[in-house]
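Beneath this line is the structure, given in structure tokens, with notes to follow.
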Amino acid sequence: MRIDSDTAAVVTGGASGLGRASAEALAAAGAKVAIFDVNEAAGQEVADAIGGVFCKVDITSEDSVVAGFAKARAAHGQERITVHCAMTSRRGKTLAWDKEAGKLKRLSTEDYIYGVEGILVASYRIASLSAEGMAALEPNEDGERGCITLTASVAAQDGQIGQIIYGSAKAGVNGLVLPMARDLSDLGIRVNSIMPGIFATPLMLGAKQNVLDSLAASVPFPKRLGKPEEFGSLVLELARNGYFNAQCIRLDGAIRMAPR
């Protein structure tokens with residue numbers, strides 16, 4: 001896909017981290033970018049910096065997402081590129097020792113549902129609503145109408161202790177990719193996912209330095225945390241390269257996560 005000033009893009013979670021890097025990469029390539037995020041101040045700051053538009057969107061709410069797409073499309077036209085980075089989840093082991101109660105405590109079904117809603121269901125919501133809009137576009141010379149990139153995680157394949165929600169929901173995101181790409185193939189809409197490893201996002205950089213050093217040392221090569229702009233670079237390549245379809249791609253410096 002050629003990216004220029006006529007190309008509209010939507011990036012969820014674009015106020016920070018991997019989403020911000022994706023939005024900046026797309027804008028630098030010439031696209032008009034809409035930022036979907038719940039953080040209004042940070043999201044507006046990014047939108048202003050890249051000449052885009054901010055849409056306050058809660059990805060767990062259908063009405064909020066529909067309104068966000070309406071605002072973005074009114075400002076920039078129908079998006080041809082959607083990058084979904086936003087998520088919400090919880091941590092916990094399936095069974096963990098509760099010191100106060102003196103017994104094993106089960107991770108609640110409600111907590112599990114919360115994470116699945118915030119990761120897997122939200123991914124389907126964003127992708128399917130975007131695809132519905134893309135389907136009305138005129139195809140390019142390849143017959144392509146759009147490109148959707150979802151964010152999974154290396155935890156989808158290497159889920160650690162305490163990541164029962166996150167790991168299984170992110171695996172579900174990868175599970176969306178092939179059938180959705182096949183569903184949308186007649187419409188010329190591509191679907192892929194990226195599985196990032198350990199990246200130097202603002203959230204990760206809040207950890208203690210010794211923890212960050214240990215994490216960096218666990219990466220085979222290069223022995224450092226991933227840079228958000230490296231994620232943004234892959235987002236750009238997935239959009240530009242029309243032969244990428246139905247792929248779940250690890251971006252991780254060859255790391256394979258240990259059980260803990």
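Please note that chains go A, B, ... in the order of the structure tokens, that every chain numbers its residues from 1, and that ligands are numbered from 1 in the order shown.
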
Identify, on the basis of only C-alpha atoms, every residue whose closest approach to range 170-177 of chain A does not exceed 9 Å; exclude the query and any residue fewer than 5 positions from it along the same chain; express the result as a list in words.
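The contact residues come out as Val116, Ile119, Leu120, Val121, Ser123, Tyr124, Leu150, Thr151, Ala152, Ser153, Val154, Ala155, Ala156, Gln157, Ile165, Arg182, Val191, Asn192, Ser193, Ile194, Met195, Asn245, Ala246, Gln247 and Cys248 of chain A.
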
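CA of Tyr114 in chain A sits 25.3 Å away from CA of Ala41 in chain A.
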
Who sits within 8 Å of Gly242 in chain A, only C-alpha atoms, same chain under 5 positions skipped, as a PyMOL selection string
chain A and resi 1+144+190

Near range 217-227 of chain A, within 7 Å and counting only C-alpha atoms, which residues show up once chain neighbours fewer than 2 positions away are dropped, as JSON, numbers by chain?
{"A": [198, 199, 200, 213, 214, 215, 229, 230, 253, 254, 255]}

Could those residues be written to a file, using N, CA and C atoms, as a CSV table (one decimal), in the first residue's frame?
```csv
chain,number,residue,atom,x,y,z
A,198,ILE,N,10.1,-7.6,25.0
A,198,ILE,CA,10.3,-6.7,26.1
A,198,ILE,C,10.7,-5.3,25.5
A,199,PHE,N,9.8,-4.3,25.5
A,199,PHE,CA,10.0,-3.0,24.9
A,199,PHE,C,10.1,-1.9,26.0
A,200,ALA,N,10.9,-0.9,25.6
A,200,ALA,CA,11.2,0.2,26.5
A,200,ALA,C,10.0,1.2,26.4
A,213,ASP,N,17.9,-4.1,33.8
A,213,ASP,CA,19.2,-4.7,33.4
A,213,ASP,C,19.1,-6.2,33.2
A,214,SER,N,18.4,-6.8,34.1
A,214,SER,CA,18.2,-8.3,34.0
A,214,SER,C,17.3,-8.7,32.8
A,215,LEU,N,16.3,-7.9,32.5
A,215,LEU,CA,15.5,-8.2,31.4
A,215,LEU,C,16.3,-8.0,30.1
A,229,GLU,N,10.2,2.7,18.5
A,229,GLU,CA,10.3,3.0,17.0
A,229,GLU,C,10.6,1.8,16.2
A,230,GLU,N,11.1,0.7,16.7
A,230,GLU,CA,11.3,-0.5,16.0
A,230,GLU,C,10.0,-1.2,15.8
A,253,GLY,N,14.0,-9.9,19.5
A,253,GLY,CA,15.4,-10.1,19.8
A,253,GLY,C,15.8,-11.6,20.1
A,254,ALA,N,14.9,-12.5,19.6
A,254,ALA,CA,15.1,-13.9,19.8
A,254,ALA,C,14.8,-14.4,21.2
A,255,ILE,N,14.1,-13.6,22.0
A,255,ILE,CA,13.9,-14.1,23.4
A,255,ILE,C,12.8,-15.2,23.4
```

Do you know which residues are at most 9 Å from Arg80 in chain A counting only C-alpha atoms, after dropping those on the same chain fewer than 3 positions away, and could you put them as a count of residues only?
14

Which of range 12-200 of chain A DSSP labels strand (DSSP E or B), written as a PyMOL selection string
chain A and resi 12+32-37+53-56+81-84+92+95-98+103-106+146-151+163+189-196+199

Give me, as a ChimeraX atom specification, all polymer residues having an atom no more than 7 Å from Val46 in chain A, counting only C-alpha atoms and skipping those fewer than 4 positions away in the same chain.
/A:15,42,50

What does the distance between CA of Ala239 in chain A and CA of Met257 in chain A come to in Å, to one decimal place?
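Separation between CA of Ala239 in chain A and CA of Met257 in chain A: 28.2 Å.
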
Suppose you want the space between CA of Glu45 in chain A and CA of Glu62 in chain A; what is it in Å?
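Atom-to-atom, CA of Glu45 in chain A to CA of Glu62 in chain A, that is 24.9 Å.
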
Residues flagged alpha helix (DSSP H) by DSSP in range 22-259 of chain A, as JSON, numbers by chain:
{"A": [22, 23, 24, 25, 26, 27, 28, 40, 41, 42, 43, 44, 45, 46, 47, 48, 49, 50, 62, 63, 64, 65, 66, 67, 68, 69, 70, 71, 72, 73, 74, 75, 76, 109, 110, 111, 112, 113, 114, 115, 116, 122, 123, 124, 125, 126, 127, 128, 129, 130, 131, 132, 133, 134, 155, 156, 157, 158, 164, 165, 166, 167, 168, 169, 170, 171, 172, 173, 174, 175, 176, 177, 178, 179, 180, 181, 182, 183, 209, 210, 211, 212, 213, 214, 215, 216, 217, 228, 229, 230, 231, 232, 233, 234, 235, 236, 237, 238, 239, 240]}

Env of Val33 in chain A: 8 Å cut, atoms = only C-alpha atoms, seq-sep filter 2 positions within chain, self excluded. Answer as a VMD selection string.
chain A and resid 8 to 11 23 26 to 27 31 35 47 50 to 53 76

Selection export as a short mmCIF file (atom, residue, chain, number, x, y, z; two decimals), in the first residue's frame, atoms kept: C-alpha atoms:
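Dumped everything to result_8.cif:
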```cif
data_model
loop_
_atom_site.label_atom_id
_atom_site.label_comp_id
_atom_site.auth_asym_id
_atom_site.auth_seq_id
_atom_site.Cartn_x
_atom_site.Cartn_y
_atom_site.Cartn_z
CA ALA A 8 -6.08 7.88 6.74
CA ALA A 9 -4.97 5.75 9.69
CA VAL A 10 -6.31 4.94 13.14
CA VAL A 11 -4.04 3.94 16.02
CA ALA A 23 1.27 6.88 15.08
CA LEU A 26 2.63 6.57 10.00
CA ALA A 27 2.46 10.37 10.25
CA ALA A 31 -0.62 9.52 6.66
CA ILE A 35 -5.35 8.67 17.97
CA ALA A 47 -2.21 14.29 17.92
CA ILE A 50 1.85 14.80 14.40
CA GLY A 51 -0.91 16.93 12.90
CA GLY A 52 -3.58 14.34 13.63
CA VAL A 53 -6.85 14.18 15.50
CA HIS A 76 -9.71 12.40 7.77
#
```
